[in-house]
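Here is my_file_6.txt, consisting of compact mmCIF, C-alpha atoms:
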```txt
# COMPACT_ATOMS: atom_id res chain seq x y z
CA MET A 125 -7.36 5.24 11.89
CA LYS A 126 -4.25 4.18 13.78
CA PRO A 127 -3.13 0.62 14.39
CA ALA A 128 -3.46 -0.93 17.84
CA PRO A 129 -0.21 -1.21 19.82
CA PHE A 130 1.98 -4.23 19.12
CA ARG A 131 5.40 -5.54 19.89
CA TYR A 132 7.90 -5.25 17.06
CA ILE A 133 10.56 -7.81 16.22
CA ARG A 134 12.92 -7.23 13.31
CA VAL A 135 14.63 -10.35 12.03
CA GLY A 136 17.60 -10.60 9.68
CA SER A 137 17.48 -14.25 8.69
CA VAL A 138 14.97 -17.01 7.99
CA ASP A 139 16.22 -18.90 11.06
CA ASP A 140 15.55 -15.88 13.28
CA ALA A 141 12.10 -15.47 11.72
CA MET A 142 11.33 -19.13 12.47
CA SER A 143 12.47 -18.79 16.10
CA ALA A 144 10.33 -15.67 16.57
CA LEU A 145 7.31 -17.39 14.99
CA GLN A 146 7.67 -20.40 17.28
CA ALA A 147 8.09 -18.22 20.37
CA GLU A 148 5.20 -15.82 19.78
CA GLU A 149 1.56 -16.52 20.48
CA ASP A 150 -0.16 -14.02 18.21
CA ALA A 151 2.30 -12.86 15.58
CA LYS A 152 1.92 -11.58 12.05
CA ILE A 153 4.66 -11.64 9.44
CA LEU A 154 5.25 -8.14 8.03
CA ALA A 155 6.67 -8.12 4.51
CA GLY A 156 5.91 -5.17 2.22
CA GLY A 157 3.00 -4.17 4.43
CA GLN A 158 0.81 -3.03 1.55
CA SER A 159 -2.10 -5.16 2.76
CA LEU A 160 -1.19 -5.88 6.39
CA ILE A 161 -0.58 -2.28 7.45
CA ALA A 162 -3.75 -1.10 5.68
CA MET A 163 -5.70 -3.76 7.59
CA MET A 164 -3.98 -2.82 10.84
CA ASN A 165 -4.77 0.86 10.27
CA LEU A 166 -8.41 -0.10 9.84
CA ARG A 167 -8.10 -2.43 12.86
CA VAL A 168 -9.33 -5.35 10.84
CA VAL A 169 -6.32 -7.14 12.35
CA SER A 170 -4.54 -6.26 15.59
CA PRO A 171 -1.72 -8.73 16.22
CA GLU A 172 0.11 -8.74 19.56
CA CYS A 173 3.41 -9.02 17.76
CA VAL A 174 4.70 -8.08 14.31
CA ILE A 175 7.72 -9.86 12.87
CA ASP A 176 9.36 -7.65 10.26
CA ILE A 177 11.10 -9.75 7.60
CA ASN A 178 11.96 -6.84 5.27
CA ARG A 179 15.69 -7.11 5.94
CA ILE A 180 16.06 -10.83 5.23
CA ALA A 181 18.34 -10.44 2.21
CA GLU A 182 18.41 -14.21 1.61
CA LEU A 183 14.71 -14.11 0.63
CA ASP A 184 15.15 -11.49 -2.10
CA TYR A 185 16.29 -13.18 -5.32
CA ILE A 186 15.10 -14.28 -8.74
CA GLU A 187 17.02 -17.24 -10.13
CA GLU A 188 16.85 -19.27 -13.29
CA ARG A 189 16.82 -23.03 -12.64
CA GLU A 190 16.67 -25.95 -15.04
CA ASP A 191 12.88 -26.19 -15.41
CA GLU A 192 11.67 -23.28 -13.36
CA VAL A 193 12.27 -19.79 -12.10
CA SER A 194 12.75 -19.51 -8.34
CA ILE A 195 11.56 -16.29 -6.78
CA GLY A 196 12.40 -15.46 -3.16
CA ALA A 197 9.26 -14.63 -1.19
CA LEU A 198 10.55 -11.16 -0.33
CA SER A 199 11.11 -10.13 -3.95
CA ARG A 200 9.36 -6.81 -4.52
CA LEU A 201 6.60 -6.91 -7.14
CA ASN A 202 8.46 -4.31 -9.20
CA SER A 203 11.66 -6.38 -9.14
CA VAL A 204 9.69 -9.38 -10.41
CA LYS A 205 8.01 -7.23 -13.07
CA ALA A 206 11.35 -5.81 -14.23
CA SER A 207 13.23 -9.11 -14.16
CA ALA A 208 14.60 -10.23 -17.53
CA ILE A 209 14.44 -13.85 -16.33
CA VAL A 210 10.73 -13.53 -15.50
CA GLY A 211 10.08 -11.73 -18.79
CA LYS A 212 11.72 -14.53 -20.76
CA TYR A 213 10.44 -17.61 -18.92
CA CYS A 214 7.26 -16.52 -17.12
CA PRO A 215 5.57 -14.03 -19.48
CA LEU A 216 2.16 -14.57 -17.85
CA LEU A 217 3.51 -13.44 -14.47
CA LYS A 218 5.04 -10.35 -16.02
CA GLU A 219 1.84 -9.51 -17.91
CA ALA A 220 -0.20 -9.91 -14.72
CA LEU A 221 2.03 -7.57 -12.75
CA GLU A 222 1.10 -4.79 -15.17
CA LEU A 223 -2.39 -5.12 -13.69
CA VAL A 224 -1.36 -5.16 -10.03
CA ALA A 225 -1.94 -1.90 -8.13
CA ASN A 226 0.47 0.91 -9.06
CA LYS A 227 4.20 1.54 -9.05
CA THR A 228 4.33 2.93 -5.51
CA VAL A 229 2.59 -0.10 -4.04
CA ARG A 230 4.69 -2.47 -6.17
CA ASN A 231 7.88 -0.78 -4.93
CA ARG A 232 7.24 -2.23 -1.49
CA GLY A 233 4.73 -5.06 -1.99
CA THR A 234 6.31 -8.50 -2.19
CA ILE A 235 5.29 -11.58 -4.14
CA GLY A 236 5.19 -13.64 -0.95
CA GLY A 237 3.09 -11.10 0.91
CA ASN A 238 0.72 -10.76 -2.01
CA ILE A 239 -0.05 -14.47 -2.23
CA CYS A 240 -0.12 -15.09 1.54
CA HIS A 241 -2.72 -12.33 1.79
CA ALA A 242 -4.74 -14.25 -0.85
CA ASP A 243 -7.20 -11.51 -1.70
CA PRO A 244 -10.11 -13.11 -3.59
CA ALA A 245 -9.62 -10.71 -6.51
CA SER A 246 -5.81 -10.76 -6.62
CA GLU A 247 -4.24 -11.62 -9.97
CA MET A 248 -1.24 -13.53 -8.57
CA PRO A 249 -3.09 -16.66 -7.37
CA ALA A 250 -4.73 -17.06 -10.79
CA VAL A 251 -1.38 -16.71 -12.54
CA LEU A 252 0.41 -19.15 -10.24
CA ILE A 253 -2.38 -21.74 -10.59
CA ALA A 254 -2.41 -21.32 -14.38
CA SER A 255 1.38 -21.64 -14.51
CA GLY A 256 1.44 -24.76 -12.31
CA ALA A 257 3.69 -22.99 -9.81
CA SER A 258 4.62 -24.38 -6.41
CA MET A 259 5.37 -22.73 -3.09
CA VAL A 260 8.13 -23.64 -0.63
CA ILE A 261 7.03 -23.25 2.99
CA ARG A 262 9.35 -23.46 5.99
CA GLY A 263 8.03 -24.76 9.30
CA ALA A 264 9.53 -25.96 12.56
CA ALA A 265 9.94 -29.45 11.10
CA GLY A 266 11.59 -28.27 7.88
CA GLU A 267 10.46 -27.38 4.39
CA ARG A 268 7.52 -28.57 2.37
CA THR A 269 6.42 -27.77 -1.15
CA VAL A 270 2.78 -27.11 -2.01
CA GLU A 271 1.34 -26.91 -5.52
CA ALA A 272 -0.53 -23.71 -6.34
CA ASP A 273 -3.68 -25.86 -6.82
CA ASP A 274 -3.53 -26.79 -3.13
CA PHE A 275 -2.08 -23.52 -1.79
CA PHE A 276 -5.06 -21.18 -2.05
CA LEU A 277 -7.75 -22.50 0.28
CA GLY A 278 -10.28 -19.69 0.40
CA MET A 279 -10.80 -16.01 0.93
CA TYR A 280 -7.61 -14.69 2.61
CA GLU A 281 -6.70 -18.29 3.41
CA THR A 282 -3.68 -20.28 2.24
CA ALA A 283 -1.84 -23.50 3.10
CA VAL A 284 0.70 -21.52 5.14
CA GLU A 285 0.08 -22.41 8.79
CA GLU A 286 0.36 -19.96 11.66
CA LYS A 287 3.91 -20.98 12.61
CA GLU A 288 5.15 -21.30 9.03
CA LEU A 289 6.84 -18.94 6.58
CA LEU A 290 6.55 -18.90 2.81
CA ILE A 291 10.08 -18.68 1.47
CA GLU A 292 10.03 -19.30 -2.26
CA VAL A 293 7.75 -19.35 -5.30
CA ARG A 294 8.72 -21.69 -8.14
CA VAL A 295 7.24 -20.96 -11.53
CA PRO A 296 7.80 -23.48 -14.36
CA ARG A 297 9.57 -22.05 -17.42
CA VAL A 298 7.31 -21.85 -20.45
CA LYS A 299 8.00 -23.99 -23.50
CA LYS A 300 8.37 -22.61 -27.01
CA THR A 301 4.95 -23.95 -27.97
CA THR A 302 3.25 -22.31 -25.01
CA GLY A 303 1.17 -19.15 -25.11
CA SER A 304 -0.48 -17.34 -22.23
CA ALA A 305 -2.63 -14.32 -21.51
CA ILE A 306 -4.39 -12.58 -18.64
CA MET A 307 -7.13 -9.97 -18.88
CA GLU A 308 -9.35 -8.24 -16.40
CA ILE A 309 -12.08 -5.69 -16.13
CA SER A 310 -11.65 -3.25 -13.24
CA SER A 311 -13.11 0.14 -12.34
CA ARG A 312 -9.74 1.84 -12.72
CA LYS A 313 -6.36 0.57 -13.83
CA GLY A 314 -4.62 -1.15 -10.94
CA ASP A 315 -7.79 -1.79 -8.97
CA PHE A 316 -8.75 -5.33 -8.15
CA GLY A 317 -10.56 -7.00 -11.04
CA ILE A 318 -14.32 -7.30 -11.13
CA ALA A 319 -13.53 -10.37 -13.22
CA VAL A 320 -10.11 -11.75 -14.16
CA VAL A 321 -9.29 -14.66 -16.47
CA ALA A 322 -5.87 -16.16 -17.15
CA ALA A 323 -5.02 -18.92 -19.61
CA ILE A 324 -1.98 -20.88 -20.59
CA VAL A 325 -2.07 -23.20 -23.61
CA GLN A 326 0.48 -25.43 -25.27
CA ILE A 327 -0.20 -26.15 -28.89
CA GLU A 328 1.65 -28.72 -31.01
CA ASP A 329 0.70 -29.51 -34.63
CA GLY A 330 -2.42 -27.42 -34.18
CA ILE A 331 -3.62 -29.51 -31.23
CA CYS A 332 -3.91 -28.25 -27.66
CA LYS A 333 -1.56 -30.44 -25.60
CA HIS A 334 -1.94 -28.63 -22.33
CA VAL A 335 -4.31 -26.01 -21.08
CA ARG A 336 -5.12 -24.23 -17.86
CA LEU A 337 -7.90 -21.71 -17.58
CA VAL A 338 -8.30 -19.84 -14.29
CA CYS A 339 -10.71 -17.15 -13.19
CA THR A 340 -10.59 -14.92 -10.16
CA GLY A 341 -12.47 -11.98 -8.70
CA VAL A 342 -15.69 -13.95 -9.25
CA GLY A 343 -15.66 -16.10 -6.12
CA ALA A 344 -13.90 -16.68 -2.81
CA LYS A 345 -10.66 -17.58 -4.56
CA ALA A 346 -9.02 -18.22 -7.91
CA GLU A 347 -10.49 -21.33 -9.52
CA ARG A 348 -9.64 -23.42 -12.56
CA ILE A 349 -12.50 -23.90 -14.97
CA LEU A 350 -11.89 -27.63 -15.27
CA ALA A 351 -14.83 -28.45 -17.55
CA ALA A 352 -13.59 -25.87 -20.07
CA GLU A 353 -10.05 -27.25 -19.86
CA GLU A 354 -11.46 -30.73 -20.66
CA ILE A 355 -13.29 -29.43 -23.73
CA LEU A 356 -10.10 -27.81 -25.05
CA ALA A 357 -7.50 -30.50 -24.25
CA GLY A 358 -6.56 -32.63 -27.25
CA GLN A 359 -8.59 -30.42 -29.59
CA LYS A 360 -8.00 -27.61 -32.01
CA ILE A 361 -8.58 -24.29 -30.34
CA ASP A 362 -11.01 -22.98 -32.94
CA VAL A 363 -14.13 -20.82 -32.88
CA ASP A 364 -16.30 -23.77 -31.83
CA ALA A 365 -14.08 -24.87 -28.98
CA ILE A 366 -13.71 -21.33 -27.71
CA SER A 367 -17.43 -20.62 -27.72
CA LYS A 368 -18.04 -23.87 -25.81
CA ALA A 369 -15.39 -22.85 -23.26
CA GLU A 370 -17.02 -19.43 -22.93
CA ARG A 371 -20.42 -21.00 -22.21
CA ILE A 372 -18.90 -23.36 -19.65
CA ALA A 373 -17.08 -20.49 -17.93
CA TYR A 374 -20.36 -18.56 -17.69
CA GLU A 375 -22.02 -21.52 -15.95
CA ALA A 376 -19.02 -22.59 -13.86
CA VAL A 377 -18.53 -19.44 -11.81
CA ASP A 378 -20.80 -18.44 -8.95
CA PRO A 379 -20.02 -14.78 -8.26
CA GLN A 380 -21.61 -12.59 -5.61
CA SER A 381 -23.15 -9.21 -6.31
CA ASP A 382 -21.51 -6.21 -4.71
CA PHE A 383 -21.15 -2.51 -5.45
CA HIS A 384 -18.40 -3.23 -8.02
CA GLY A 385 -20.68 -5.37 -10.14
CA ASP A 386 -23.64 -7.69 -9.85
CA ALA A 387 -23.43 -11.45 -10.24
CA ILE A 388 -24.84 -11.68 -13.76
CA TYR A 389 -22.48 -8.96 -15.00
CA ARG A 390 -19.51 -10.84 -13.54
CA ARG A 391 -20.66 -14.07 -15.24
CA GLU A 392 -20.86 -12.28 -18.56
CA LEU A 393 -17.42 -10.71 -18.08
CA THR A 394 -15.97 -14.12 -17.25
CA GLU A 395 -17.52 -15.55 -20.41
CA ILE A 396 -16.18 -12.80 -22.63
CA LEU A 397 -12.73 -12.68 -21.04
CA THR A 398 -12.45 -16.47 -21.38
CA GLY A 399 -12.84 -16.14 -25.15
CA ARG A 400 -10.45 -13.21 -25.36
CA VAL A 401 -7.63 -14.79 -23.33
CA LEU A 402 -7.96 -18.13 -25.12
CA ARG A 403 -7.73 -16.45 -28.53
CA LEU A 404 -4.74 -14.37 -27.48
CA ALA A 405 -2.96 -17.26 -25.72
CA ALA A 406 -3.50 -19.52 -28.74
CA ALA A 407 -2.23 -16.84 -31.12
CA ARG A 408 0.83 -16.36 -28.93
CA ALA A 409 1.45 -20.13 -28.80
CA ALA A 410 1.35 -20.18 -32.60
CA GLY A 411 3.77 -17.28 -32.75
CA GLU A 412 1.22 -15.11 -34.55
CA VAL A 413 1.47 -12.22 -32.10
CA MET B 244 2.80 -7.32 27.96
CA GLN B 245 5.57 -4.94 27.09
CA ARG B 246 5.45 -2.94 23.94
CA GLU B 247 8.65 -0.99 24.14
CA ASN B 248 9.51 2.02 22.09
CA VAL B 249 12.21 1.61 19.49
CA THR B 250 14.95 4.11 18.78
CA ILE B 251 15.37 4.86 15.10
CA ASN B 252 17.74 6.94 13.01
CA VAL B 253 16.18 8.35 9.89
CA THR B 254 17.56 10.78 7.35
CA VAL B 255 14.90 13.16 6.08
CA ASN B 256 15.86 15.49 3.23
CA GLY B 257 19.52 15.07 4.15
CA LYS B 258 19.08 15.77 7.85
CA CYS B 259 19.47 13.02 10.50
CA PHE B 260 16.81 12.48 13.14
CA GLU B 261 17.09 10.13 16.09
CA ARG B 262 13.79 9.49 17.82
CA SER B 263 12.21 6.95 20.12
CA VAL B 264 8.96 5.77 18.56
CA GLU B 265 6.15 3.38 19.31
CA PRO B 266 6.29 0.46 16.84
CA ARG B 267 2.78 1.35 15.65
CA ARG B 268 3.85 4.88 14.67
CA LEU B 269 3.21 5.24 10.95
CA LEU B 270 5.95 6.88 8.91
CA SER B 271 3.41 9.53 7.87
CA ASP B 272 2.70 10.42 11.52
CA PHE B 273 6.40 10.29 12.36
CA LEU B 274 7.08 12.88 9.65
CA ARG B 275 4.21 15.15 10.63
CA GLN B 276 4.06 14.83 14.40
CA ASP B 277 7.53 13.78 15.56
CA ILE B 278 9.70 15.91 13.27
CA PHE B 279 7.05 18.44 12.20
CA GLN B 280 7.41 18.01 8.46
CA THR B 281 3.74 18.64 7.73
CA GLY B 282 4.03 18.94 3.97
CA THR B 283 3.29 15.23 3.68
CA HIS B 284 -0.50 14.94 3.79
CA VAL B 285 -2.52 12.08 5.23
CA GLY B 286 -5.70 11.37 3.29
CA CYS B 287 -7.20 7.92 3.54
CA GLU B 288 -4.60 6.30 5.78
CA HIS B 289 -5.01 2.90 4.16
CA GLY B 290 -3.07 3.10 0.94
CA ILE B 291 -5.70 4.23 -1.53
CA CYS B 292 -5.29 7.98 -2.09
CA GLY B 293 -1.51 8.42 -2.51
CA SER B 294 -1.43 11.81 -0.75
CA CYS B 295 1.19 10.66 1.77
CA SER B 296 3.65 9.39 -0.88
CA VAL B 297 7.31 10.05 -0.06
CA LEU B 298 10.54 8.57 -1.41
CA VAL B 299 12.26 5.94 0.74
CA ASP B 300 15.78 5.22 -0.50
CA GLY B 301 14.72 6.80 -3.79
CA LYS B 302 11.57 4.74 -4.27
CA SER B 303 8.07 6.13 -3.95
CA THR B 304 6.34 4.72 -0.89
CA ARG B 305 3.05 5.36 0.85
CA SER B 306 4.14 6.64 4.22
CA CYS B 307 0.84 5.46 5.77
CA LEU B 308 1.70 1.90 4.77
CA MET B 309 5.08 1.84 6.46
CA PHE B 310 5.85 1.91 10.16
CA ALA B 311 8.48 4.44 11.17
CA VAL B 312 10.53 1.60 12.70
CA MET B 313 10.78 0.06 9.23
CA ALA B 314 12.43 3.26 7.99
CA ASP B 315 15.30 2.96 10.48
CA ALA B 316 18.57 3.78 8.66
CA CYS B 317 16.67 4.79 5.51
CA GLU B 318 16.86 8.03 3.53
CA ILE B 319 13.52 9.74 3.18
CA GLU B 320 12.70 12.53 0.73
CA THR B 321 9.58 14.59 1.29
CA ILE B 322 8.01 17.62 -0.34
CA GLU B 323 9.98 19.92 2.01
CA GLY B 324 13.16 18.78 0.26
CA LEU B 325 12.04 19.93 -3.17
CA GLY B 326 12.28 23.70 -2.92
CA ASP B 327 10.56 26.79 -1.55
CA ALA B 328 8.73 29.80 -2.98
CA ALA B 329 11.96 31.66 -3.63
CA ASN B 330 13.75 28.72 -5.16
CA MET B 331 11.28 26.38 -6.74
CA HIS B 332 12.06 22.90 -8.01
CA PRO B 333 11.18 22.46 -11.72
CA LEU B 334 8.22 20.31 -10.64
CA GLN B 335 6.89 23.13 -8.47
CA GLU B 336 7.58 25.60 -11.28
CA GLY B 337 5.68 23.36 -13.72
CA PHE B 338 2.69 23.04 -11.39
CA TRP B 339 2.67 26.81 -10.87
CA GLN B 340 2.86 27.61 -14.57
CA LYS B 341 0.26 25.05 -15.66
CA HIS B 342 -2.15 25.35 -12.72
CA GLY B 343 -1.54 21.75 -11.61
CA LEU B 344 -3.37 22.14 -8.32
CA GLN B 345 -6.50 23.63 -6.84
CA CYS B 346 -6.97 22.69 -3.21
CA GLY B 347 -3.45 21.24 -3.06
CA PHE B 348 -4.21 18.38 -0.68
CA CYS B 349 -3.00 15.64 -3.03
CA THR B 350 -0.19 17.71 -4.50
CA SER B 351 2.73 16.78 -2.27
CA GLY B 352 2.11 13.08 -2.95
CA VAL B 353 1.73 13.76 -6.67
CA LEU B 354 5.01 15.71 -6.77
CA MET B 355 6.97 12.96 -5.02
CA VAL B 356 5.64 10.32 -7.41
CA ALA B 357 6.40 12.64 -10.34
CA LEU B 358 9.92 13.17 -8.99
CA GLU B 359 10.54 9.41 -9.09
CA LEU B 360 9.12 9.29 -12.62
CA LEU B 361 11.27 12.12 -13.99
CA ARG B 362 14.45 10.74 -12.41
CA GLU B 363 13.89 7.44 -14.19
CA ASN B 364 12.41 8.85 -17.37
CA PRO B 365 13.30 12.49 -18.18
CA SER B 366 11.02 12.59 -21.25
CA PRO B 367 7.83 10.72 -20.38
CA THR B 368 4.91 10.59 -22.79
CA ARG B 369 1.51 11.75 -21.58
CA ALA B 370 0.49 8.09 -21.35
CA GLU B 371 3.51 7.35 -19.16
CA ILE B 372 2.67 10.31 -16.92
CA ARG B 373 -0.90 9.05 -16.57
CA GLU B 374 0.37 5.56 -15.76
CA ALA B 375 2.63 7.04 -13.06
CA LEU B 376 -0.37 8.87 -11.56
CA THR B 377 -2.63 5.81 -11.26
CA GLY B 378 -2.01 5.59 -7.51
CA ASN B 379 -2.78 9.24 -6.73
CA LEU B 380 -6.30 10.54 -6.33
CA CYS B 381 -7.10 14.18 -7.09
CA ARG B 382 -10.68 15.38 -6.66
CA CYS B 383 -10.19 18.91 -8.05
CA THR B 384 -8.29 19.04 -11.29
CA GLY B 385 -9.55 16.13 -13.36
CA TYR B 386 -5.84 15.35 -13.81
CA GLN B 387 -5.46 17.22 -17.14
CA THR B 388 -3.49 20.09 -15.68
CA ILE B 389 -1.45 17.71 -13.51
CA VAL B 390 -0.33 15.90 -16.65
CA ASP B 391 0.37 19.29 -18.31
CA SER B 392 2.40 20.37 -15.27
CA ILE B 393 4.57 17.25 -15.16
CA GLU B 394 5.17 17.56 -18.92
CA ARG B 395 6.22 21.18 -18.38
CA ALA B 396 8.45 20.20 -15.42
CA ALA B 397 10.19 17.62 -17.60
CA GLU B 398 10.81 20.35 -20.20
CA ILE B 399 12.26 22.70 -17.58
CA MET B 400 14.50 19.94 -16.24
CA ARG B 401 15.74 19.07 -19.72
CA GLU B 402 16.43 22.75 -20.46
CA GLY B 403 18.32 22.99 -17.16
CA ALA B 404 20.36 19.88 -17.98
CA ALA B 405 21.22 21.24 -21.44
CA GLN B 406 22.63 24.50 -20.11
```
Please express what this file holds, its structure, as structure tokens.
Amino acid sequence: MKPAPFRYIRVGSVDDAMSALQAEEDAKILAGGQSLIAMMNLRVVSPECVIDINRIAELDYIEEREDEVSIGALSRLNSVKASAIVGKYCPLLKEALELVANKTVRNRGTIGGNICHADPASEMPAVLIASGASMVIRGAAGERTVEADDFFLGMYETAVEEKELLIEVRVPRVKKTTGSAIMEISSRKGDFGIAVVAAIVQIEDGICKHVRLVCTGVGAKAERILAAEEILAGQKIDVDAISKAERIAYEAVDPQSDFHGDAIYRRELTEILTGRVLRLAAARAAGEV
Amino acid sequence: MQRENVTINVTVNGKCFERSVEPRRLLSDFLRQDIFQTGTHVGCEHGICGSCSVLVDGKSTRSCLMFAVMADACEIETIEGLGDAANMHPLQEGFWQKHGLQCGFCTSGVLMVALELLRENPSPTRAEIREALTGNLCRCTGYQTIVDSIERAAEIMREGAAQ
């Protein structure tokens, strides 16, 4: 199908984007367009006005900071995937991008657009929650920073308000004792996951000092499996602990059945992937792989 | 409310086109209907099938997921820029020799994605070729002969470069 008519505004700076957002009644921000244009073609959305931010050069950067890596919202997914800084300090993000769509889509798709779209099966929210990332959002009154835990509110719903613009993603740099992993089961490579689990663990003297375990594709949004994190924190990540975490993950999620997989199958995948990512993340933390 | 047309300048296969377009005009429709380059095929029109893939400033892009206005001042490469029957591009030669197409609907998209691959990686493994093809659906070939064809095209290009 063809999109409904709309008015087109191209902006070259964040300030211009903010002015356009304030002035317009029913506007959508157009970044890479890999979700928005598909939805407009299907007439799932038909905004009156489209604000094209693709030429805002000041939003396209990946910078190494003291404790974190700052990624401009307009960074293309392939630029993030290829970044040496991301590879060194945010290995979970890099690993996840291998699972996101395909090269052609990643050429244009942006990290900001991906997370603002907040698809319930998207890998990025899970990774950002697991990493303890934060998002910088610009509004009329200035900037605010929102933790990933509070950013993803529901299916296709984030903390970014109608008149606001996501401008930066901040991902903490991993420590030497940290290991991470993400795995998913999907119908074909690059498709959205039927179940996705990501984990990040920090192990010192054999004891788990910090852990985050996040699943996605099995509910309205990416969710931490807090009860499993509690079981693992302060413990050795051994066979016992992992099998307890697997059981908890099975019970914790409440997936829906659809034509990609029924609810019980998704629970079982979540259980199995939980064990697999925890084993791999722990082995990576220990420097074994 | 006003929804004015926008004038854009786009270079397609080295030739400049200035056109006035509706903002909602997809790049795929611009190519096919405004400048009559119908080699780019429109399959699903929502970014799943990969048939409409073209190169925008050298990078593979789904032309159904880009508005023509976004391509203003960009360089586009389409299947028409590759070669013709008398003077085939190595990719076309490879697909001809190895029977890389049957109905041909997906082929122009596949060739443009393969062109990006071979520019970046002149000697891809079969696994790398398969990885590059993950965004392109073909319902005829089962992909085996497409992989064979791209492998053969890479060979022809390397032979050409060596001469």
Just need the residues of chain A within 9 Å of chain B, counting all atoms listed in the file, so spit them out as a ChimeraX atom specification.
-> /A:125-132,134,156-166,172-173,176,178,225-229,231-232,312-314
Near Val298 (chain A), counting only C-alpha atoms, which residues have an atom at most 9 Å away, once you skip same-chain residues fewer than 4 positions from it, shown as a ChimeraX atom specification?
-> /A:191-192,212-215,255,302-303
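As for CA of Leu223 (chain A) and CA of Lys333 (chain A), they are spaced 28.0 Å apart.
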Exercise: residues within 12 Å of coordinate (16.6, 21.5, -8.4), counting only C-alpha atoms, as a PyMOL selection string | chain B and resi 324-327+330-336+358+362+396-397+399-401+403-404
What lies within 12 Å of Cys259 (chain B) using only C-alpha atoms, ignoring chain neighbours under 5 positions off, as an MDAnalysis selection string?
-> chainID B and resid 251:254 278 315:320
Enclose all atoms of region 228-233 of chain A listed in the file in an axis-aligned box, grow every side by 8 Å, and hand back centre and edge lengths in Å to one decimal, as lines of an AutoDock Vina configuration file.
```
center_x = 5.2
center_y = -1.1
center_z = -3.8
size_x = 21.3
size_y = 24.0
size_z = 20.7
```
Minimum-distance residue to Glu323 (chain B), chosen among B:Arg382, B:His342, B:Lys258, B:Arg369 (using all atoms listed in the file) = B:Lys258
Quote the spacing between CA of Arg408 (chain A) and CA of Pro249 (chain A) in Å to one decimal place.
-> 21.9 Å
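Going from CA of Val251 (chain A) to CA of Gly136 (chain A) covers 29.9 Å.
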Which neighbours of Glu288 (chain A) fall inside 7 Å, counting all atoms listed in the file, when residues of the same chain fewer than 2 positions from it are skipped, and could you give them as a PyMOL selection string?
-> chain A and resi 261-263+284-286+290
Just the selected residues (C-alpha atoms), exported as a CSV table (one decimal), in the frame of the given file, please.
```csv
chain,number,residue,atom,x,y,z
A,261,ILE,CA,7.0,-23.2,3.0
A,262,ARG,CA,9.4,-23.5,6.0
A,263,GLY,CA,8.0,-24.8,9.3
A,284,VAL,CA,0.7,-21.5,5.1
A,285,GLU,CA,0.1,-22.4,8.8
A,286,GLU,CA,0.4,-20.0,11.7
A,290,LEU,CA,6.6,-18.9,2.8
```
Would you list the contacts of Ser137 (chain A) as a PDB file with C-alpha atoms, in the coordinates of the input, taking every protein, DNA or RNA residue within 10 Å and counting all atoms listed in the file, but skipping same-chain residues closer than 3 positions in sequence?
```
ATOM      1  CA  ARG A 134      12.920  -7.230  13.310  1.00  0.00           C
ATOM      2  CA  ASP A 140      15.550 -15.880  13.280  1.00  0.00           C
ATOM      3  CA  ALA A 141      12.100 -15.470  11.720  1.00  0.00           C
ATOM      4  CA  MET A 142      11.330 -19.130  12.470  1.00  0.00           C
ATOM      5  CA  ILE A 177      11.100  -9.750   7.600  1.00  0.00           C
ATOM      6  CA  ASN A 178      11.960  -6.840   5.270  1.00  0.00           C
ATOM      7  CA  ARG A 179      15.690  -7.110   5.940  1.00  0.00           C
ATOM      8  CA  ILE A 180      16.060 -10.830   5.230  1.00  0.00           C
ATOM      9  CA  ALA A 181      18.340 -10.440   2.210  1.00  0.00           C
ATOM     10  CA  GLU A 182      18.410 -14.210   1.610  1.00  0.00           C
ATOM     11  CA  LEU A 183      14.710 -14.110   0.630  1.00  0.00           C
TER      12      LEU A 183
END
```
Check the smallest atom-to-atom distance from each of B:Ser271, B:Ser351, B:Ser306, B:Gln276 to Phe338 (chain B) using all atoms listed in the file, then report the winner.
-> B:Ser351
When distances are computed from only C-alpha atoms, which of B:Val264, B:Ala328, B:Val285, B:Leu344 shows the smallest separation from Ala314 (chain B)?
-> B:Val264
